[in-house]
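One file, run03.txt, is given below (compact mmCIF, C-alpha atoms and all ligand atoms).
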# COMPACT_ATOMS: atom_id res chain seq x y z
CA MET A 142 -5.74 0.57 16.08
CA LYS A 143 -2.64 1.42 14.11
CA ILE A 144 -3.47 2.16 10.47
CA ILE A 145 -0.74 2.97 7.97
CA ALA A 146 -1.23 4.04 4.38
CA PHE A 147 1.18 4.22 1.47
CA ASN A 148 0.50 6.68 -1.30
CA GLY A 149 2.48 5.62 -4.39
CA SER A 150 1.44 8.54 -6.57
CA PRO A 151 3.92 11.30 -7.32
CA ARG A 152 1.06 13.65 -8.26
CA LYS A 153 -0.01 15.82 -5.31
CA GLY A 154 -3.79 15.97 -4.98
CA GLY A 155 -4.10 13.38 -7.75
CA ASN A 156 -6.62 10.59 -8.14
CA THR A 157 -4.75 8.16 -5.90
CA GLU A 158 -4.53 10.70 -3.09
CA GLU A 159 -8.23 11.58 -3.32
CA LEU A 160 -9.20 7.90 -3.22
CA LEU A 161 -6.83 7.22 -0.34
CA ASN A 162 -8.15 10.21 1.62
CA ALA A 163 -11.68 8.84 1.23
CA ALA A 164 -10.61 5.43 2.56
CA ILE A 165 -8.87 7.08 5.51
CA ARG A 166 -11.95 9.19 6.28
CA GLY A 167 -13.95 5.97 6.37
CA ALA A 168 -11.42 4.16 8.52
CA ALA A 169 -11.24 7.01 11.02
CA SER A 170 -14.99 7.68 11.12
CA ASP A 171 -15.95 5.05 13.70
CA SER A 172 -13.49 6.03 16.37
CA ASP A 173 -11.22 8.92 17.21
CA LYS A 174 -8.79 6.42 18.68
CA GLN A 175 -7.44 5.35 15.30
CA ASP A 176 -3.77 6.11 14.91
CA VAL A 177 -3.41 6.85 11.18
CA ARG A 178 -0.09 7.54 9.44
CA VAL A 179 0.20 8.27 5.76
CA PHE A 180 3.49 7.84 3.89
CA ARG A 181 3.78 9.78 0.65
CA LEU A 182 6.42 7.68 -1.06
CA GLN A 183 7.44 10.44 -3.48
CA ASP A 184 8.68 12.46 -0.49
CA MET A 185 10.69 9.60 0.94
CA ASP A 186 14.13 8.25 0.27
CA ILE A 187 13.55 4.58 -0.53
CA THR A 188 15.85 3.09 -3.11
CA GLY A 189 15.23 -0.17 -4.98
CA CYS A 190 16.30 -3.61 -3.75
CA LEU A 191 19.96 -4.37 -4.45
CA ASN A 192 19.47 -8.15 -4.31
CA CYS A 193 22.59 -8.20 -2.13
CA GLY A 194 21.30 -11.30 -0.32
CA GLU A 195 22.07 -9.86 3.11
CA CYS A 196 18.47 -10.36 4.27
CA ASN A 197 18.37 -14.06 3.35
CA GLU A 198 19.47 -15.23 6.77
CA THR A 199 18.29 -12.33 8.92
CA GLY A 200 15.13 -10.95 7.31
CA ILE A 201 16.64 -7.51 7.82
CA CYS A 202 17.47 -5.08 5.01
CA ILE A 203 20.90 -3.54 5.44
CA VAL A 204 20.36 -0.58 3.09
CA GLU A 205 20.05 2.53 5.22
CA ASP A 206 17.35 4.91 4.05
CA ASP A 207 13.73 5.66 4.96
CA PHE A 208 12.80 1.99 4.51
CA GLN A 209 14.14 1.31 8.00
CA GLU A 210 11.43 3.52 9.53
CA VAL A 211 8.81 2.09 7.21
CA ALA A 212 9.80 -1.51 8.04
CA ASP A 213 9.26 -0.76 11.70
CA VAL A 214 5.76 0.68 11.21
CA ILE A 215 4.79 -2.15 8.84
CA ARG A 216 5.72 -4.58 11.60
CA LYS A 217 3.53 -2.81 14.18
CA ALA A 218 0.52 -2.01 11.96
CA ASP A 219 -2.94 -3.52 12.41
CA ARG A 220 -4.17 -2.23 9.05
CA ILE A 221 -2.26 -1.35 5.87
CA ILE A 222 -3.62 0.61 2.91
CA PHE A 223 -1.60 0.45 -0.29
CA ALA A 224 -2.57 2.96 -2.99
CA SER A 225 -0.96 3.48 -6.40
CA PRO A 226 -1.69 4.68 -9.89
CA VAL A 227 -1.06 2.27 -12.76
CA PHE A 228 2.16 3.16 -14.56
CA PHE A 229 3.02 1.01 -17.56
CA MET A 230 0.89 -1.95 -16.49
CA GLY A 231 2.18 -2.02 -12.93
CA ILE A 232 2.41 0.12 -9.81
CA SER A 233 4.40 3.37 -9.80
CA ALA A 234 8.19 3.30 -9.41
CA GLN A 235 7.85 4.86 -5.95
CA ALA A 236 5.49 2.10 -4.85
CA LYS A 237 7.58 -0.60 -6.53
CA ALA A 238 10.72 0.47 -4.69
CA LEU A 239 8.92 -0.03 -1.38
CA VAL A 240 7.52 -3.40 -2.43
CA ASP A 241 10.88 -4.68 -3.67
CA ARG A 242 12.58 -3.68 -0.44
CA CYS A 243 10.06 -5.90 1.35
CA GLN A 244 12.12 -8.81 0.01
CA SER A 245 13.54 -8.68 3.55
CA PHE A 246 10.05 -9.50 4.90
CA TRP A 247 9.71 -12.20 2.23
CA CYS A 248 12.90 -13.84 3.53
CA GLU A 249 11.68 -13.55 7.10
CA LYS A 250 8.34 -15.16 6.22
CA PHE A 251 9.30 -17.81 3.69
CA LEU A 252 12.96 -18.66 4.36
CA LEU A 253 13.05 -18.14 8.11
CA GLU A 254 9.40 -19.20 8.45
CA ARG A 255 8.52 -16.31 10.75
CA GLU A 256 5.28 -14.40 10.22
CA ILE A 257 4.90 -10.92 11.63
CA PRO A 258 2.75 -11.53 14.72
CA ALA A 259 -0.70 -9.97 14.53
CA GLY A 260 -2.15 -7.94 17.40
CA GLU A 261 -5.61 -8.48 18.86
CA ALA A 262 -7.27 -6.80 15.87
CA GLY A 263 -5.46 -9.04 13.38
CA ARG A 264 -3.77 -7.67 10.27
CA LYS A 265 -5.92 -6.59 7.33
CA GLY A 266 -5.28 -4.58 4.20
CA LEU A 267 -6.83 -2.50 1.47
CA VAL A 268 -5.42 -2.06 -2.04
CA LEU A 269 -6.48 1.03 -4.02
CA MET A 270 -5.66 1.36 -7.72
CA VAL A 271 -6.43 3.97 -10.35
CA GLY A 272 -5.56 3.76 -14.04
CA GLY A 273 -6.18 5.93 -17.06
CA MET A 274 -6.89 3.10 -19.48
CA LYS A 275 -10.33 1.60 -19.95
CA SER A 276 -8.93 -1.93 -20.27
CA ASP A 277 -8.39 -3.84 -17.02
CA LYS A 278 -5.15 -5.50 -18.12
CA GLY A 279 -2.71 -3.11 -16.47
CA ILE A 280 -4.76 -2.45 -13.36
CA ASN A 281 -5.14 -6.17 -12.65
CA CYS A 282 -1.40 -6.53 -12.90
CA ALA A 283 -0.80 -3.58 -10.56
CA ALA A 284 -3.43 -4.83 -8.11
CA SER A 285 -1.69 -8.24 -7.96
CA GLN A 286 1.50 -6.45 -6.98
CA GLY A 287 -0.38 -4.71 -4.17
CA VAL A 288 -1.84 -7.97 -2.85
CA ALA A 289 1.57 -9.69 -3.11
CA PHE A 290 3.05 -6.85 -1.04
CA LEU A 291 0.40 -7.29 1.66
CA ARG A 292 0.84 -11.07 1.81
CA THR A 293 4.59 -10.63 2.06
CA VAL A 294 4.21 -8.42 5.12
CA SER A 295 1.90 -10.97 6.76
CA VAL A 296 -1.40 -9.35 5.82
CA PRO A 297 -3.37 -12.35 4.56
CA GLU A 298 -6.77 -10.70 4.25
CA SER A 299 -7.38 -7.74 1.98
CA GLU A 300 -9.90 -5.99 -0.21
CA THR A 301 -9.05 -4.36 -3.55
CA LEU A 302 -10.73 -1.41 -5.25
CA LYS A 303 -9.78 -0.67 -8.89
CA TYR A 304 -10.91 2.29 -10.97
CA MET A 305 -10.21 2.38 -14.69
CA GLY A 306 -10.58 5.27 -17.11
CA VAL A 307 -9.44 7.67 -14.38
CA ASP A 308 -6.70 9.79 -15.91
CA ASN A 309 -6.84 13.56 -15.48
CA MET A 310 -6.54 15.31 -12.12
CA GLY A 311 -9.90 15.17 -10.39
CA ASP A 312 -11.35 12.38 -12.56
CA ILE A 313 -11.81 10.16 -9.51
CA LEU A 314 -14.06 12.81 -7.93
CA LYS A 315 -16.32 12.67 -11.00
CA HIS A 316 -16.57 8.87 -10.80
CA PRO A 317 -20.14 7.91 -9.80
CA THR A 318 -19.22 5.52 -6.97
CA ALA A 319 -15.46 5.57 -6.24
CA ILE A 320 -15.27 7.99 -3.31
CA LYS A 321 -18.24 6.48 -1.49
CA GLU A 322 -16.92 2.96 -2.09
CA ALA A 323 -13.50 3.91 -0.76
CA GLU A 324 -15.04 5.44 2.38
CA GLU A 325 -17.07 2.28 2.94
CA ALA A 326 -14.03 0.06 2.33
CA GLY A 327 -12.15 2.17 4.89
CA GLN A 328 -14.93 1.62 7.42
CA ARG A 329 -14.88 -2.14 6.83
CA LEU A 330 -11.11 -2.14 7.15
CA ALA A 331 -11.17 -0.53 10.58
CA LYS A 332 -13.74 -2.99 11.97
C1 LIG B 1 4.31 7.20 -16.59
C2 LIG B 1 2.83 6.88 -16.69
C3 LIG B 1 2.45 5.63 -17.12
C4 LIG B 1 1.09 5.29 -17.16
N1 LIG B 1 0.74 4.02 -17.53
C5 LIG B 1 -0.57 3.63 -17.46
C6 LIG B 1 -0.95 2.29 -17.78
O1 LIG B 1 -0.15 1.44 -18.14
N2 LIG B 1 -2.25 1.95 -17.64
C7 LIG B 1 -3.20 2.84 -17.21
O2 LIG B 1 -4.36 2.45 -17.05
N3 LIG B 1 -2.87 4.14 -16.95
C8 LIG B 1 -1.58 4.55 -17.05
N4 LIG B 1 -1.23 5.85 -16.74
C9 LIG B 1 -2.26 6.80 -16.31
C10 LIG B 1 -2.38 6.95 -14.79
O3 LIG B 1 -2.59 5.70 -14.17
C11 LIG B 1 -3.54 7.88 -14.46
O4 LIG B 1 -3.31 9.17 -14.99
C12 LIG B 1 -3.83 8.00 -12.97
O5 LIG B 1 -5.06 8.66 -12.78
C13 LIG B 1 -2.74 8.77 -12.24
O6 LIG B 1 -3.03 8.81 -10.88
P1 LIG B 1 -2.62 10.08 -9.96
O7 LIG B 1 -3.55 11.19 -10.34
O8 LIG B 1 -2.76 9.63 -8.58
O9 LIG B 1 -1.21 10.39 -10.31
C14 LIG B 1 0.12 6.24 -16.76
C15 LIG B 1 0.52 7.53 -16.37
C16 LIG B 1 1.86 7.85 -16.34
C17 LIG B 1 2.27 9.24 -15.89

Mind turning the file's structure into structure tokens?
Amino acid sequence: MKIIAFNGSPRKGGNTEELLNAAIRGAASDSDKQDVRVFRLQDMDITGCLNCGECNETGICIVEDDFQEVADVIRKADRIIFASPVFFMGISAQAKALVDRCQSFWCEKFLLEREIPAGEAGRKGLVLMVGGMKSDKGINCAASQGVAFLRTVSVPESETLKYMGVDNMGDILKHPTAIKEAEEAGQRLAK
């Protein structure tokens, strides 16, 4: 099973990364045959969408950067994990650039009426969100962006885990349930 994961946090070893690692541990625990690839978006060259309209009739983005590689793996994935911290009520800029570039997939799906074909295992997703605030306003907004991304790339079924009040480095590790829940969500995802 091909599992890909996007880490939208620019902070190395931060809360998003810890939560994502737990989900990946869970997803890989049942079988050593899982093919897992993690993309740390901060280390990639993915610019924002130019709204040039070139993908309207082709479903293909013409901007040449790391998105081309990512688009290819998104197409072939059986499972997609999308993880981001909440930044100003939404996902991080790194994560948002990726999502916006998926406008090409949106055109393919909704204008050209072509879904990405699923393999035997179907296509399923997991959205992981961490936010420093105790209110759920921002994290709900960010989580909706994650689910919209998954639907756009023909992943209709997904689970979302959201952790609020998680701000300083390592806070997620002190959370009473987060790491265990992420491992379990990873296991469910890979089923
Ligand atoms: C630029 C910036 C904006 C932020 N905006 C929000 C916000 O709107 N809501 C929130 O709950 N937390 C916000 N936070 C806090 C982060 O979501 C929080 O620190 C999170 O744990 C960071 O995850 P990381 O360790 O993976 O980087 C913001 C942090 C930064 C740096």

Rank nothing, just name the residue among A:Gly327, A:Gly200, A:Gly189, A:Gly231 nearest to ligand LIG 1 (chain B), using all atoms listed in the file. A:Gly231

Dump the neighbourhood of ligand LIG 1 (chain B) as a PDB file with C-alpha atoms, keeping the file's coordinate frame: all residues within 7 Å, distances computed on only C-alpha atoms and all ligand atoms.
ATOM      1  CA  SER A 150       1.440   8.540  -6.570  1.00  0.00           C
ATOM      2  CA  PRO A 151       3.920  11.300  -7.320  1.00  0.00           C
ATOM      3  CA  ARG A 152       1.060  13.650  -8.260  1.00  0.00           C
ATOM      4  CA  GLY A 155      -4.100  13.380  -7.750  1.00  0.00           C
ATOM      5  CA  ASN A 156      -6.620  10.590  -8.140  1.00  0.00           C
ATOM      6  CA  THR A 157      -4.750   8.160  -5.900  1.00  0.00           C
ATOM      7  CA  GLU A 158      -4.530  10.700  -3.090  1.00  0.00           C
ATOM      8  CA  SER A 225      -0.960   3.480  -6.400  1.00  0.00           C
ATOM      9  CA  PRO A 226      -1.690   4.680  -9.890  1.00  0.00           C
ATOM     10  CA  VAL A 227      -1.060   2.270 -12.760  1.00  0.00           C
ATOM     11  CA  PHE A 228       2.160   3.160 -14.560  1.00  0.00           C
ATOM     12  CA  PHE A 229       3.020   1.010 -17.560  1.00  0.00           C
ATOM     13  CA  MET A 230       0.890  -1.950 -16.490  1.00  0.00           C
ATOM     14  CA  GLY A 231       2.180  -2.020 -12.930  1.00  0.00           C
ATOM     15  CA  VAL A 271      -6.430   3.970 -10.350  1.00  0.00           C
ATOM     16  CA  GLY A 272      -5.560   3.760 -14.040  1.00  0.00           C
ATOM     17  CA  GLY A 273      -6.180   5.930 -17.060  1.00  0.00           C
ATOM     18  CA  MET A 274      -6.890   3.100 -19.480  1.00  0.00           C
ATOM     19  CA  LYS A 275     -10.330   1.600 -19.950  1.00  0.00           C
ATOM     20  CA  GLY A 279      -2.710  -3.110 -16.470  1.00  0.00           C
ATOM     21  CA  ILE A 280      -4.760  -2.450 -13.360  1.00  0.00           C
ATOM     22  CA  MET A 305     -10.210   2.380 -14.690  1.00  0.00           C
ATOM     23  CA  GLY A 306     -10.580   5.270 -17.110  1.00  0.00           C
ATOM     24  CA  VAL A 307      -9.440   7.670 -14.380  1.00  0.00           C
ATOM     25  CA  ASP A 308      -6.700   9.790 -15.910  1.00  0.00           C
ATOM     26  CA  ASN A 309      -6.840  13.560 -15.480  1.00  0.00           C
ATOM     27  CA  MET A 310      -6.540  15.310 -12.120  1.00  0.00           C
TER      28      MET A 310
END

Determine the nearest neighbour of Ala319 in chain A from the options A:Ala224, A:Tyr304, A:Glu198, A:Arg264, counting only C-alpha atoms.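 Answer, going by the shortest atom-to-atom distance: A:Tyr304.
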
Find the residue from A:Val177, A:Leu269, A:Phe251, A:Ala289 that sits nearest to Glu322 in chain A; use all atoms listed in the file when measuring.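 Checking each candidate against Glu322 in chain A, we get A:Leu269 as the closest.
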
Calculate how many Å separate CA of Val214 in chain A from CA of Thr188 in chain A, rounding to one decimal. 17.7 Å

Please provide as an mmCIF file with C-alpha atoms, in the frame of the given file all residues within 9 Å of Thr301 in chain A, with the sequence filter that same-chain residues fewer than 2 positions apart are discarded (counting all atoms listed in the file).
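The resulting file, result_6.cif, is shown below:
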data_model
loop_
_atom_site.group_PDB
_atom_site.id
_atom_site.type_symbol
_atom_site.label_atom_id
_atom_site.label_comp_id
_atom_site.auth_asym_id
_atom_site.auth_seq_id
_atom_site.Cartn_x
_atom_site.Cartn_y
_atom_site.Cartn_z
ATOM 1 C CA GLY A 266 -5.280 -4.580 4.200
ATOM 2 C CA LEU A 267 -6.830 -2.500 1.470
ATOM 3 C CA VAL A 268 -5.420 -2.060 -2.040
ATOM 4 C CA LEU A 269 -6.480 1.030 -4.020
ATOM 5 C CA MET A 270 -5.660 1.360 -7.720
ATOM 6 C CA ALA A 284 -3.430 -4.830 -8.110
ATOM 7 C CA GLY A 287 -0.380 -4.710 -4.170
ATOM 8 C CA VAL A 288 -1.840 -7.970 -2.850
ATOM 9 C CA SER A 299 -7.380 -7.740 1.980
ATOM 10 C CA LYS A 303 -9.780 -0.670 -8.890
ATOM 11 C CA ALA A 326 -14.030 0.060 2.330
#

Between A:Pro258, A:Gly194, A:Gly149, A:Gly154, which has the minimum distance to Gln235 in chain A (counting all atoms listed in the file)? A:Gly149

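We find CA of Lys250 in chain A and CA of Ser295 in chain A to be spaced 7.7 Å apart.
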
Could you state the separation of CA of Glu254 in chain A and CA of Phe290 in chain A in Å, given to one decimal place?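 Separation between CA of Glu254 in chain A and CA of Phe290 in chain A: 16.8 Å.
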
Shortest interatomic distance to Arg166 in chain A - which of A:Cys202, A:Glu324, A:Ala331, A:Glu249, counting only C-alpha atoms: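 Smallest distance to Arg166 in chain A is found for A:Glu324.
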
12 Å contact set for range 240-247 of chain A, only C-alpha atoms, chain neighbours under 4 positions out, as a PyMOL selection string: chain A and resi 147+149+182+187-209+211-213+215-216+223-225+231-236+251-257+283+285-296

For Glu300 in chain A, the nearest of the candidates A:Lys278, A:Arg220, A:Lys237, A:Lys315, counting all atoms listed in the file: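 When distances to Glu300 in chain A are compared using all atoms listed in the file, the smallest one comes from A:Arg220.
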
Got a sec: who's within 9 Å of Ser170 in chain A, counting only C-alpha atoms, leaving out chain neighbours fewer than 5 positions off, as a ChimeraX atom specification? /A:165,175,327-328

May I have the residues from that selection written out with C-alpha atoms, as an mmCIF file, in the coordinates of the input?
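For reference, again.cif as written:
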data_model
loop_
_atom_site.group_PDB
_atom_site.id
_atom_site.type_symbol
_atom_site.label_atom_id
_atom_site.label_comp_id
_atom_site.auth_asym_id
_atom_site.auth_seq_id
_atom_site.Cartn_x
_atom_site.Cartn_y
_atom_site.Cartn_z
ATOM 1 C CA ILE A 165 -8.870 7.080 5.510
ATOM 2 C CA GLN A 175 -7.440 5.350 15.300
ATOM 3 C CA GLY A 327 -12.150 2.170 4.890
ATOM 4 C CA GLN A 328 -14.930 1.620 7.420
#

Using only C-alpha atoms, find all polymer residues with an atom at most 6 Å away from the point (-3.6, 0.1, 6.9); report them as a list in words.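 These residues have at least one counted atom within 6 Å: Ile144, Ile145, Ala146, Arg220, Ile221, Ile222 and Gly266 of chain A.
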